[in-house]
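Asker: Structure below; questions to follow.
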Amino acid sequence: MRELWELYRTFFTIGALTFGGGYAMLPMLERELVEKHQWVTQEEILNYFAIGQCTPGVIAVNTATFVGFKRRRVIGGITTTLGVISPSIIIITVIAMLLSNFMDIVWVQHAFAGIRVAVCALILASVVKLFKSNVKRWWHWPLAFAAFLTVSFGLSPVWVVAATAVLGLLLGRKVNLHA
């Protein structure tokens, strides 16, 4: 029961303190789950994040569910999912009740503009960290660049991940055969 409470509390904190969705959560997920609690490895969190991107739903919720399931099976998945969505439910409810009264205030608009800039910086930091830890071989560079371009021009990330998985298998196999 204690571990379930710790899972809920950790994911509640992550859900409450991260603005901007799943990508902005990655640094906090790494710090809390990999470094602090050691519930998952760096490679596992990146895999969960990648799978969470390809499956229906919100990346943060999918990732939380994977981590919870790894730790405590179904009850762990339910616990972490509830933990990560609880702050959003609370915050959205409060904002919905109050927002229409305050959106015309200039300083509220400026605060939201500042939050959006910070979220962009968090996402960029995550991208740089992911890039450094995953783009290691010569053929990773063009693959990463092609994936970036195709997603930037509107191709579904699901197709990009599927295509790069196939290319990774083919290129990795070819490189290993010649090595």
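By convention in this document, the chains of the structure tokens carry letters A, B, ... by their order, each chain's residues are numbered from 1, and ligands are numbered from 1 in the order they are shown.
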Can you tell me which residues surround Gly76 (chain A) at a distance of at most 7 Å, considering only C-alpha atoms, apart from same-chain residues fewer than 6 positions away, and format the answer as a list in words?

Answerer: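 Counting only the stated atoms, we get Leu4, Gly68 and Phe69 of chain A.
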
Asker: Would you put the residues from that selection into a file with N, CA and C atoms, as a PDB file, in the first residue's frame?

Answerer:
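Output (selection18.pdb):
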```
ATOM      1  N   LEU A   4       2.027   2.080  -3.492  1.00  0.00           N
ATOM      2  CA  LEU A   4       0.929   2.649  -4.284  1.00  0.00           C
ATOM      3  C   LEU A   4       0.727   4.118  -3.937  1.00  0.00           C
ATOM      4  N   GLY A  68       3.334   2.533 -13.863  1.00  0.00           N
ATOM      5  CA  GLY A  68       2.558   1.920 -12.787  1.00  0.00           C
ATOM      6  C   GLY A  68       2.360   0.430 -12.995  1.00  0.00           C
ATOM      7  N   PHE A  69       2.096   0.044 -14.238  1.00  0.00           N
ATOM      8  CA  PHE A  69       1.902  -1.374 -14.539  1.00  0.00           C
ATOM      9  C   PHE A  69       3.188  -2.150 -14.297  1.00  0.00           C
TER      10      PHE A  69
END
```

Asker: Set the distance at 7 Å and use only C-alpha atoms: which residues neighbour region 115-124 of chain A once local chain neighbours fewer than 3 positions away are removed? I'd like the list as a PyMOL selection string.

Answerer: chain A and resi 19-20+23-24+111-112+127-128

Asker: For those residues, write N, CA and C atoms to a file as a short mmCIF file (atom, residue, chain, number, x, y, z; two decimals), in the first residue's frame.

Answerer:
```cif
data_model
loop_
_atom_site.label_atom_id
_atom_site.label_comp_id
_atom_site.auth_asym_id
_atom_site.auth_seq_id
_atom_site.Cartn_x
_atom_site.Cartn_y
_atom_site.Cartn_z
N PHE A 19 3.66 21.96 -16.94
CA PHE A 19 2.78 22.64 -17.88
C PHE A 19 3.22 22.30 -19.29
N GLY A 20 2.27 22.12 -20.19
CA GLY A 20 2.61 21.93 -21.59
C GLY A 20 2.51 20.52 -22.10
N TYR A 23 5.56 16.19 -23.50
CA TYR A 23 6.95 16.50 -23.80
C TYR A 23 7.58 17.34 -22.71
N ALA A 24 6.82 18.26 -22.17
CA ALA A 24 7.35 19.10 -21.09
C ALA A 24 7.55 18.29 -19.81
N ALA A 111 0.88 36.55 -18.26
CA ALA A 111 1.30 35.36 -17.52
C ALA A 111 1.20 34.12 -18.41
N PHE A 112 0.10 33.98 -19.15
CA PHE A 112 -0.06 32.85 -20.05
C PHE A 112 0.99 32.88 -21.17
N VAL A 127 14.11 17.58 -26.06
CA VAL A 127 14.53 17.14 -27.39
C VAL A 127 16.05 17.02 -27.45
N VAL A 128 16.76 18.00 -26.93
CA VAL A 128 18.22 17.97 -26.95
C VAL A 128 18.73 16.76 -26.16
#
```

Asker: Using Å and a single decimal, report how far CA of Phe66 (chain A) sits from CA of Val158 (chain A).

Answerer: 18.3 Å

Asker: Neighbouring residues of Val135 (chain A) were defined as those with any atom within 8 Å, considering only C-alpha atoms; residues of the same chain fewer than 5 positions away were excluded. Please report them as an MDAnalysis selection string.

Answerer: chainID A and resid 140:141 144

Asker: Have a look at CA of Ile85 (chain A) and CA of Lys36 (chain A) and let me know their distance in Å, one decimal.

Answerer: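 We find that CA of Ile85 (chain A) and CA of Lys36 (chain A) lie 21.3 Å from each other.
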
Asker: Need the shell around Gly15 (chain A): protein/DNA/RNA residues with any atom at most 9 Å away, counting only C-alpha atoms. Skip same-chain ones fewer than 3 positions apart. Format as an NGL selection string?

Answerer: :A and (10-12 or 18-19 or 21 or 25 or 60 or 83-88)

Asker: Could you pull the residues within 12 Å of Ala162 (chain A), counting only C-alpha atoms, minus those fewer than 6 positions along the same chain, as a PyMOL selection string?

Answerer: chain A and resi 50-51+53-55+147+155-156+168-169

Asker: If you keep N, CA, C and O atoms, can you produce a file of those selected residues as a short mmCIF file (atom, residue, chain, number, x, y, z; two decimals), in the first residue's frame?

Answerer:
```
data_model
loop_
_atom_site.label_atom_id
_atom_site.label_comp_id
_atom_site.auth_asym_id
_atom_site.auth_seq_id
_atom_site.Cartn_x
_atom_site.Cartn_y
_atom_site.Cartn_z
N ALA A 50 8.01 6.69 -26.13
CA ALA A 50 7.83 6.42 -27.56
C ALA A 50 6.53 5.66 -27.81
O ALA A 50 5.75 6.00 -28.71
N ILE A 51 6.27 4.65 -27.01
CA ILE A 51 5.03 3.88 -27.17
C ILE A 51 3.83 4.76 -26.83
O ILE A 51 2.81 4.71 -27.51
N GLN A 53 3.57 7.84 -27.32
CA GLN A 53 3.35 8.75 -28.45
C GLN A 53 2.54 8.07 -29.54
O GLN A 53 1.74 8.70 -30.21
N CYS A 54 2.74 6.77 -29.70
CA CYS A 54 2.11 6.03 -30.80
C CYS A 54 0.73 5.48 -30.45
O CYS A 54 0.00 5.07 -31.35
N THR A 55 0.40 5.42 -29.19
CA THR A 55 -0.89 4.85 -28.79
C THR A 55 -1.90 5.96 -28.56
O THR A 55 -1.53 7.10 -28.27
N ALA A 147 12.81 11.99 -39.93
CA ALA A 147 11.64 11.88 -39.05
C ALA A 147 11.15 13.26 -38.63
O ALA A 147 9.95 13.55 -38.65
N LEU A 155 2.97 14.66 -41.38
CA LEU A 155 2.76 13.22 -41.38
C LEU A 155 2.53 12.75 -39.95
O LEU A 155 3.18 13.22 -39.01
N SER A 156 1.63 11.83 -39.77
CA SER A 156 1.30 11.32 -38.45
C SER A 156 2.52 10.70 -37.78
O SER A 156 3.24 9.92 -38.40
N GLY A 168 15.30 1.30 -39.04
CA GLY A 168 16.29 0.97 -38.02
C GLY A 168 16.65 -0.50 -38.03
O GLY A 168 17.82 -0.87 -37.91
N LEU A 169 15.64 -1.35 -38.20
CA LEU A 169 15.90 -2.79 -38.31
C LEU A 169 16.76 -3.10 -39.53
O LEU A 169 17.75 -3.83 -39.44
#
```

Asker: Residues within 9 Å of Val61 (chain A), please, as a VMD selection string. Count only C-alpha atoms; anything in the same chain fewer than 4 positions from it doesn't count.

Answerer: chain A and resid 22 52 57 65 to 66 80 to 82 84 to 85

Asker: Between CA of Leu149 (chain A) and CA of Asn47 (chain A), what is the distance in Å, rounded to a tenth?

Answerer: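 Distance between the two atoms: 21.5 Å.
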
Asker: Using only C-alpha atoms, which residue out of A:Trp159, A:Phe153, A:Tyr48, A:Trp5 lies closest to Ile75 (chain A)?

Answerer: A:Trp5

Asker: Quick one: of A:Ser100, A:Thr164, A:Thr93, A:Ser126, who's nearest to Pro142 (chain A), counting only C-alpha atoms?

Answerer: A:Thr164

Asker: Report the residues of chain A whose backbone DSSP state falls under alpha helix (DSSP H), written as number ranges by chain.

Answerer: A: 2-17, 22-29, 42-54, 59-102, 106-134, 140-152, 157-178
